[in-house]
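Novice: This one is my_file.pdb, PDB, C-alpha atoms, pLDDT in the B column.
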```pdb
ATOM      1  CA  MET A   1       0.000   0.000   0.000  1.00 59.00           C
ATOM      2  CA  ALA A   2       1.256   3.485  -0.865  1.00 74.00           C
ATOM      3  CA  LYS A   3       2.310   5.906   1.872  1.00 88.00           C
ATOM      4  CA  TYR A   4       0.912   8.913   0.038  1.00 92.00           C
ATOM      5  CA  ARG A   5      -1.393   9.888  -2.829  1.00 93.00           C
ATOM      6  CA  LYS A   6       0.258  10.705  -6.149  1.00 95.00           C
ATOM      7  CA  LEU A   7      -2.524  13.135  -7.181  1.00 94.00           C
ATOM      8  CA  GLY A   8      -1.887  12.429 -10.878  1.00 94.00           C
ATOM      9  CA  ARG A   9       1.268  14.536 -10.981  1.00 95.00           C
ATOM     10  CA  THR A  10       5.016  14.117 -11.220  1.00 97.00           C
ATOM     11  CA  SER A  11       6.911  14.292  -7.938  1.00 96.00           C
ATOM     12  CA  ASP A  12       8.175  17.882  -8.365  1.00 97.00           C
ATOM     13  CA  GLN A  13       4.711  19.161  -9.355  1.00 97.00           C
ATOM     14  CA  ARG A  14       3.108  17.293  -6.452  1.00 97.00           C
ATOM     15  CA  LYS A  15       5.602  18.677  -3.922  1.00 97.00           C
ATOM     16  CA  ALA A  16       5.111  22.222  -5.212  1.00 98.00           C
ATOM     17  CA  LEU A  17       1.310  21.854  -5.084  1.00 97.00           C
ATOM     18  CA  LEU A  18       1.350  20.530  -1.526  1.00 97.00           C
ATOM     19  CA  ARG A  19       3.838  23.178  -0.347  1.00 97.00           C
ATOM     20  CA  SER A  20       1.726  25.981  -1.786  1.00 98.00           C
ATOM     21  CA  GLN A  21      -1.477  24.603  -0.283  1.00 98.00           C
ATOM     22  CA  VAL A  22       0.105  24.124   3.162  1.00 98.00           C
ATOM     23  CA  THR A  23       1.442  27.687   2.996  1.00 98.00           C
ATOM     24  CA  ALA A  24      -1.995  29.021   2.003  1.00 97.00           C
ATOM     25  CA  LEU A  25      -3.685  27.037   4.789  1.00 98.00           C
ATOM     26  CA  LEU A  26      -1.355  28.338   7.494  1.00 97.00           C
ATOM     27  CA  TYR A  27      -1.508  31.919   6.189  1.00 97.00           C
ATOM     28  CA  ASN A  28      -5.273  32.155   5.602  1.00 96.00           C
ATOM     29  CA  GLY A  29      -6.616  29.619   8.095  1.00 96.00           C
ATOM     30  CA  LYS A  30      -8.668  27.721   5.514  1.00 96.00           C
ATOM     31  CA  ILE A  31      -8.599  26.631   1.868  1.00 98.00           C
ATOM     32  CA  ILE A  32     -11.023  25.013  -0.584  1.00 98.00           C
ATOM     33  CA  THR A  33      -9.597  22.024  -2.468  1.00 97.00           C
ATOM     34  CA  THR A  34     -10.374  18.448  -3.477  1.00 97.00           C
ATOM     35  CA  GLU A  35     -10.731  15.731  -0.877  1.00 96.00           C
ATOM     36  CA  ALA A  36      -7.592  13.796  -1.883  1.00 96.00           C
ATOM     37  CA  ARG A  37      -5.426  16.936  -1.825  1.00 97.00           C
ATOM     38  CA  ALA A  38      -6.905  18.012   1.505  1.00 97.00           C
ATOM     39  CA  LYS A  39      -5.985  14.707   3.123  1.00 97.00           C
ATOM     40  CA  GLU A  40      -2.385  15.052   1.950  1.00 97.00           C
ATOM     41  CA  VAL A  41      -2.147  18.724   2.963  1.00 97.00           C
ATOM     42  CA  ARG A  42      -3.607  17.845   6.360  1.00 97.00           C
ATOM     43  CA  LYS A  43      -0.766  15.380   7.065  1.00 96.00           C
ATOM     44  CA  ILE A  44       1.915  17.967   6.339  1.00 97.00           C
ATOM     45  CA  ALA A  45       0.190  20.869   8.126  1.00 97.00           C
ATOM     46  CA  GLU A  46      -0.502  18.890  11.289  1.00 97.00           C
ATOM     47  CA  GLY A  47       3.135  17.800  11.439  1.00 96.00           C
ATOM     48  CA  LEU A  48       4.305  21.416  11.186  1.00 97.00           C
ATOM     49  CA  ILE A  49       1.858  22.603  13.843  1.00 97.00           C
ATOM     50  CA  ALA A  50       2.884  19.740  16.164  1.00 97.00           C
ATOM     51  CA  MET A  51       6.526  20.778  15.725  1.00 96.00           C
ATOM     52  CA  ALA A  52       5.631  24.394  16.524  1.00 96.00           C
ATOM     53  CA  VAL A  53       3.656  23.376  19.639  1.00 96.00           C
ATOM     54  CA  LYS A  54       6.592  21.311  20.896  1.00 96.00           C
ATOM     55  CA  GLU A  55       9.140  24.122  20.440  1.00 95.00           C
ATOM     56  CA  LYS A  56       6.964  27.180  21.233  1.00 93.00           C
ATOM     57  CA  ASP A  57       8.717  28.145  24.508  1.00 93.00           C
ATOM     58  CA  ASN A  58      12.227  27.014  23.623  1.00 93.00           C
ATOM     59  CA  PHE A  59      13.981  30.391  23.335  1.00 94.00           C
ATOM     60  CA  GLU A  60      15.737  32.975  25.464  1.00 95.00           C
ATOM     61  CA  THR A  61      15.418  36.754  25.286  1.00 95.00           C
ATOM     62  CA  VAL A  62      18.650  38.646  24.764  1.00 95.00           C
ATOM     63  CA  LYS A  63      19.330  42.403  24.852  1.00 96.00           C
ATOM     64  CA  VAL A  64      21.277  43.704  21.867  1.00 94.00           C
ATOM     65  CA  THR A  65      22.404  47.138  20.775  1.00 95.00           C
ATOM     66  CA  ALA A  66      21.948  48.020  17.125  1.00 92.00           C
ATOM     67  CA  LYS A  67      22.793  50.999  14.944  1.00 93.00           C
ATOM     68  CA  VAL A  68      19.629  52.186  13.232  1.00 91.00           C
ATOM     69  CA  PRO A  69      19.547  54.928  10.593  1.00 93.00           C
ATOM     70  CA  ARG A  70      17.672  58.066  11.702  1.00 92.00           C
ATOM     71  CA  LYS A  71      14.661  58.837   9.498  1.00 91.00           C
ATOM     72  CA  ASP A  72      12.671  62.000   8.828  1.00 89.00           C
ATOM     73  CA  LYS A  73       8.871  62.389   8.732  1.00 88.00           C
ATOM     74  CA  ASP A  74       8.700  60.955   5.178  1.00 86.00           C
ATOM     75  CA  GLY A  75      10.619  57.823   6.165  1.00 85.00           C
ATOM     76  CA  LYS A  76      13.801  58.812   4.341  1.00 89.00           C
ATOM     77  CA  ARG A  77      17.244  58.582   5.920  1.00 91.00           C
ATOM     78  CA  VAL A  78      18.646  61.764   7.456  1.00 91.00           C
ATOM     79  CA  LYS A  79      22.023  62.710   5.960  1.00 92.00           C
ATOM     80  CA  GLU A  80      24.573  65.207   7.214  1.00 91.00           C
ATOM     81  CA  VAL A  81      27.696  66.563   5.553  1.00 90.00           C
ATOM     82  CA  VAL A  82      30.998  65.379   7.071  1.00 88.00           C
ATOM     83  CA  ASP A  83      34.299  66.326   5.357  1.00 88.00           C
ATOM     84  CA  GLY A  84      32.449  67.276   2.168  1.00 88.00           C
ATOM     85  CA  LYS A  85      30.566  63.933   1.927  1.00 91.00           C
ATOM     86  CA  LYS A  86      26.932  63.136   2.707  1.00 92.00           C
ATOM     87  CA  VAL A  87      26.799  60.542   5.465  1.00 92.00           C
ATOM     88  CA  THR A  88      23.747  58.834   7.000  1.00 92.00           C
ATOM     89  CA  VAL A  89      23.140  59.595  10.677  1.00 91.00           C
ATOM     90  CA  PHE A  90      22.804  56.504  12.904  1.00 93.00           C
ATOM     91  CA  ASP A  91      21.265  56.146  16.372  1.00 93.00           C
ATOM     92  CA  THR A  92      22.139  53.391  18.836  1.00 94.00           C
ATOM     93  CA  VAL A  93      19.093  51.466  20.009  1.00 93.00           C
ATOM     94  CA  GLU A  94      18.744  48.649  22.546  1.00 95.00           C
ATOM     95  CA  LYS A  95      16.403  45.847  21.537  1.00 92.00           C
ATOM     96  CA  GLU A  96      15.230  42.606  23.102  1.00 94.00           C
ATOM     97  CA  ILE A  97      15.248  39.719  20.662  1.00 92.00           C
ATOM     98  CA  LYS A  98      14.298  36.052  20.913  1.00 92.00           C
ATOM     99  CA  LYS A  99      17.284  33.771  20.510  1.00 94.00           C
ATOM    100  CA  ASP A 100      16.276  30.243  19.489  1.00 94.00           C
ATOM    101  CA  MET A 101      17.710  27.277  21.318  1.00 95.00           C
ATOM    102  CA  PRO A 102      19.289  24.658  19.017  1.00 96.00           C
ATOM    103  CA  SER A 103      16.231  22.382  18.834  1.00 96.00           C
ATOM    104  CA  ARG A 104      13.910  25.301  18.025  1.00 96.00           C
ATOM    105  CA  LEU A 105      16.323  26.538  15.371  1.00 96.00           C
ATOM    106  CA  HIS A 106      16.297  23.067  13.826  1.00 97.00           C
ATOM    107  CA  ALA A 107      12.481  23.027  13.914  1.00 97.00           C
ATOM    108  CA  ARG A 108      12.413  26.492  12.303  1.00 96.00           C
ATOM    109  CA  ARG A 109      14.614  25.256   9.461  1.00 97.00           C
ATOM    110  CA  GLN A 110      12.510  22.111   9.030  1.00 97.00           C
ATOM    111  CA  ILE A 111       9.378  24.277   8.747  1.00 97.00           C
ATOM    112  CA  LEU A 112      11.079  26.671   6.309  1.00 97.00           C
ATOM    113  CA  ARG A 113      11.903  23.671   4.103  1.00 97.00           C
ATOM    114  CA  VAL A 114       8.177  23.153   3.544  1.00 97.00           C
ATOM    115  CA  LEU A 115       6.685  26.665   3.501  1.00 97.00           C
ATOM    116  CA  TYR A 116       6.982  29.140   0.654  1.00 97.00           C
ATOM    117  CA  PRO A 117       7.790  32.796   1.451  1.00 95.00           C
ATOM    118  CA  VAL A 118       4.648  34.948   1.665  1.00 94.00           C
ATOM    119  CA  LYS A 119       4.448  38.617   0.734  1.00 91.00           C
ATOM    120  CA  GLU A 120       1.620  40.767   2.031  1.00 89.00           C
ATOM    121  CA  VAL A 121       0.450  43.341  -0.501  1.00 83.00           C
ATOM    122  CA  PRO A 122      -1.609  46.347   0.643  1.00 81.00           C
ATOM    123  CA  GLN A 123      -4.985  46.938  -1.066  1.00 80.00           C
ATOM    124  CA  VAL A 124      -4.130  50.437  -2.334  1.00 77.00           C
ATOM    125  CA  GLY A 125      -0.854  49.526  -4.032  1.00 68.00           C
ATOM    126  CA  ALA A 126      -1.874  46.198  -5.536  1.00 67.00           C
ATOM    127  CA  GLY A 127       0.558  45.145  -8.256  1.00 69.00           C
ATOM    128  CA  LYS A 128       3.357  47.415  -7.036  1.00 72.00           C
ATOM    129  CA  LYS A 129       6.452  46.526  -5.050  1.00 74.00           C
ATOM    130  CA  LYS A 130       6.204  49.519  -2.724  1.00 75.00           C
ATOM    131  CA  GLY A 131       4.516  48.761   0.571  1.00 76.00           C
ATOM    132  CA  THR A 132       4.813  44.970   0.295  1.00 84.00           C
ATOM    133  CA  LYS A 133       6.228  43.186   3.294  1.00 88.00           C
ATOM    134  CA  GLN A 134       7.441  39.679   3.960  1.00 92.00           C
ATOM    135  CA  VAL A 135       5.240  37.687   6.355  1.00 93.00           C
ATOM    136  CA  ASP A 136       7.101  35.506   8.855  1.00 95.00           C
ATOM    137  CA  LEU A 137       4.920  32.386   8.813  1.00 96.00           C
ATOM    138  CA  VAL A 138       7.304  30.467  11.054  1.00 96.00           C
ATOM    139  CA  ALA A 139       6.970  33.109  13.778  1.00 95.00           C
ATOM    140  CA  LYS A 140       3.190  32.928  13.333  1.00 95.00           C
ATOM    141  CA  LEU A 141       3.361  29.164  13.777  1.00 96.00           C
ATOM    142  CA  PHE A 142       5.435  29.375  16.948  1.00 96.00           C
ATOM    143  CA  ASP A 143       3.728  32.386  18.553  1.00 94.00           C
ATOM    144  CA  GLU A 144       0.100  32.130  17.444  1.00 95.00           C
ATOM    145  CA  TYR A 145      -0.598  28.488  16.605  1.00 96.00           C
ATOM    146  CA  GLY A 146       1.878  27.078  19.134  1.00 95.00           C
ATOM    147  CA  THR A 147       0.125  28.759  22.050  1.00 94.00           C
ATOM    148  CA  LYS A 148      -3.360  28.216  20.601  1.00 95.00           C
ATOM    149  CA  TYR A 149      -2.944  24.446  20.229  1.00 96.00           C
ATOM    150  CA  ALA A 150      -0.681  23.812  23.254  1.00 95.00           C
ATOM    151  CA  SER A 151      -3.387  21.990  25.220  1.00 95.00           C
ATOM    152  CA  ARG A 152      -4.525  19.944  22.207  1.00 94.00           C
ATOM    153  CA  ASN A 153      -3.104  16.524  21.291  1.00 94.00           C
ATOM    154  CA  GLY A 154      -3.293  16.538  17.487  1.00 92.00           C
ATOM    155  CA  GLY A 155      -6.350  17.133  15.325  1.00 95.00           C
ATOM    156  CA  TYR A 156      -5.481  20.708  14.420  1.00 97.00           C
ATOM    157  CA  THR A 157      -7.398  20.681  11.121  1.00 97.00           C
ATOM    158  CA  ARG A 158     -10.940  19.883  10.040  1.00 97.00           C
ATOM    159  CA  ILE A 159     -12.255  18.724   6.649  1.00 98.00           C
ATOM    160  CA  ILE A 160     -15.826  19.702   5.702  1.00 98.00           C
ATOM    161  CA  LYS A 161     -17.306  18.355   2.467  1.00 97.00           C
ATOM    162  CA  ILE A 162     -19.077  20.979   0.344  1.00 97.00           C
ATOM    163  CA  GLY A 163     -20.143  18.863  -2.638  1.00 96.00           C
ATOM    164  CA  PRO A 164     -18.941  17.950  -6.110  1.00 96.00           C
ATOM    165  CA  ARG A 165     -17.125  20.419  -8.353  1.00 93.00           C
ATOM    166  CA  LYS A 166     -19.059  21.522 -11.441  1.00 92.00           C
ATOM    167  CA  GLY A 167     -16.416  20.708 -14.079  1.00 92.00           C
ATOM    168  CA  ASP A 168     -15.317  17.178 -13.198  1.00 94.00           C
ATOM    169  CA  ALA A 169     -17.517  16.233 -10.214  1.00 95.00           C
ATOM    170  CA  ALA A 170     -14.517  15.884  -7.901  1.00 95.00           C
ATOM    171  CA  MET A 171     -15.556  16.129  -4.249  1.00 96.00           C
ATOM    172  CA  GLU A 172     -14.612  19.569  -2.950  1.00 97.00           C
ATOM    173  CA  VAL A 173     -13.900  20.219   0.713  1.00 98.00           C
ATOM    174  CA  VAL A 174     -13.017  23.081   3.021  1.00 98.00           C
ATOM    175  CA  LEU A 175      -9.820  22.374   4.931  1.00 98.00           C
ATOM    176  CA  GLU A 176      -9.570  24.666   7.946  1.00 97.00           C
ATOM    177  CA  LEU A 177      -7.652  25.036  11.175  1.00 96.00           C
ATOM    178  CA  VAL A 178      -9.754  24.179  14.220  1.00 93.00           C
TER
END
```
Have the structure of the file written as structure tokens, please.
Specialist:
Amino acid sequence: MAKYRKLGRTSDQRKALLRSQVTALLYNGKIITTEARAKEVRKIAEGLIAMAVKEKDNFETVKVTAKVPRKDKDGKRVKEVVDGKKVTVFDTVEKEIKKDMPSRLHARRQILRVLYPVKEVPQVGAGKKKGTKQVDLVAKLFDEYGTKYASRNGGYTRIIKIGPRKGDAAMEVVLELV
């Protein structure tokens, strides 16, 4: 018996499809897909969430000092003339950051192997690069989903059948996080 469904695709296409659907599920909270795909996506997503739950508190907070460029009201860097050259002005800032322990760092890299990078585009500037920002899905997994599902032993997703698709009558389902 096979360990996974082939979904009528070559291995690279199948992996890309499953990665994109897992990424969409964790970013949006739910997706609509076929039943066979949903069952495969569920396996991967639940494994990632279980990993995040296990490693959610495995970090230490560290104080660091960083040089940050000073910015004006428009968000542009402030420059001052030194020896006839324009030089950016920097301020020293103390920050508290989370430093992962080795096992959490390993889990983070395992999760990053599966998830695609997600960019959040604002409504007003749709189609333009300006204003887009990278979403840290791994941090969302550890901080949001890790704490949300800490008291739960598996079963982080739910599949709800919504009926056959019009074109080919494939059973469509909603796959959502509980």
Novice: Identify, on the basis of all atoms listed in the file, every residue whose closest approach to range 146-158 of chain A does not exceed 10 Å; exclude the query and any residue fewer than 5 positions from it along the same chain; express the result as a PyMOL selection string.
Specialist: chain A and resi 25+29-30+38-39+41-43+45-47+49-57+139-141+173-178
Novice: With all atoms listed in the file as the basis for distance, which of A:Asn58, A:Val121, A:Asp91, A:Glu144 is at the shortest distance from Arg108 in chain A?
Specialist: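 The closest residue to Arg108 in chain A is A:Asn58.
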Novice: Quote the spacing between CA of Ala107 in chain A and CA of Glu40 in chain A in Å to one decimal place.
Specialist: 20.7 Å
Novice: Can you spell out as a PyMOL selection string the set of residues that the PyMOL selection byres ((chain A and resi 94) around 6) selects in the structure I just provided?
Specialist: chain A and resi 64-65+93+95
Novice: For a quick check of understanding, using all atoms listed in the file, which of A:Tyr145, A:Gly75, A:Glu60, A:Lys129 has the smallest distance to Arg104 in chain A?
Specialist: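 Once distances to Arg104 in chain A are computed over all atoms listed in the file, the minimum belongs to A:Glu60.
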Novice: Report the centre and edge lengths, in Å to one decimal, of an axis-aligned box enclosing every atom of range 75-83 of chain A listed in the file, padded by 3 Å on each side, as AutoDock Vina command-line options.
Specialist:
```
--center_x 22.5 --center_y 62.2 --center_z 5.9 --size_x 29.7 --size_y 14.7 --size_z 9.1
```
Novice: Between CA of Tyr27 in chain A and CA of Ile159 in chain A, measure the distance and give it in Å to one decimal.
Specialist: 17.0 Å
Novice: Quick one: pull the distance between CA of Ala2 in chain A and CA of Glu35 in chain A, Å, one decimal.
Specialist: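 Atom-to-atom, CA of Ala2 in chain A and CA of Glu35 in chain A are spaced 17.1 Å apart.
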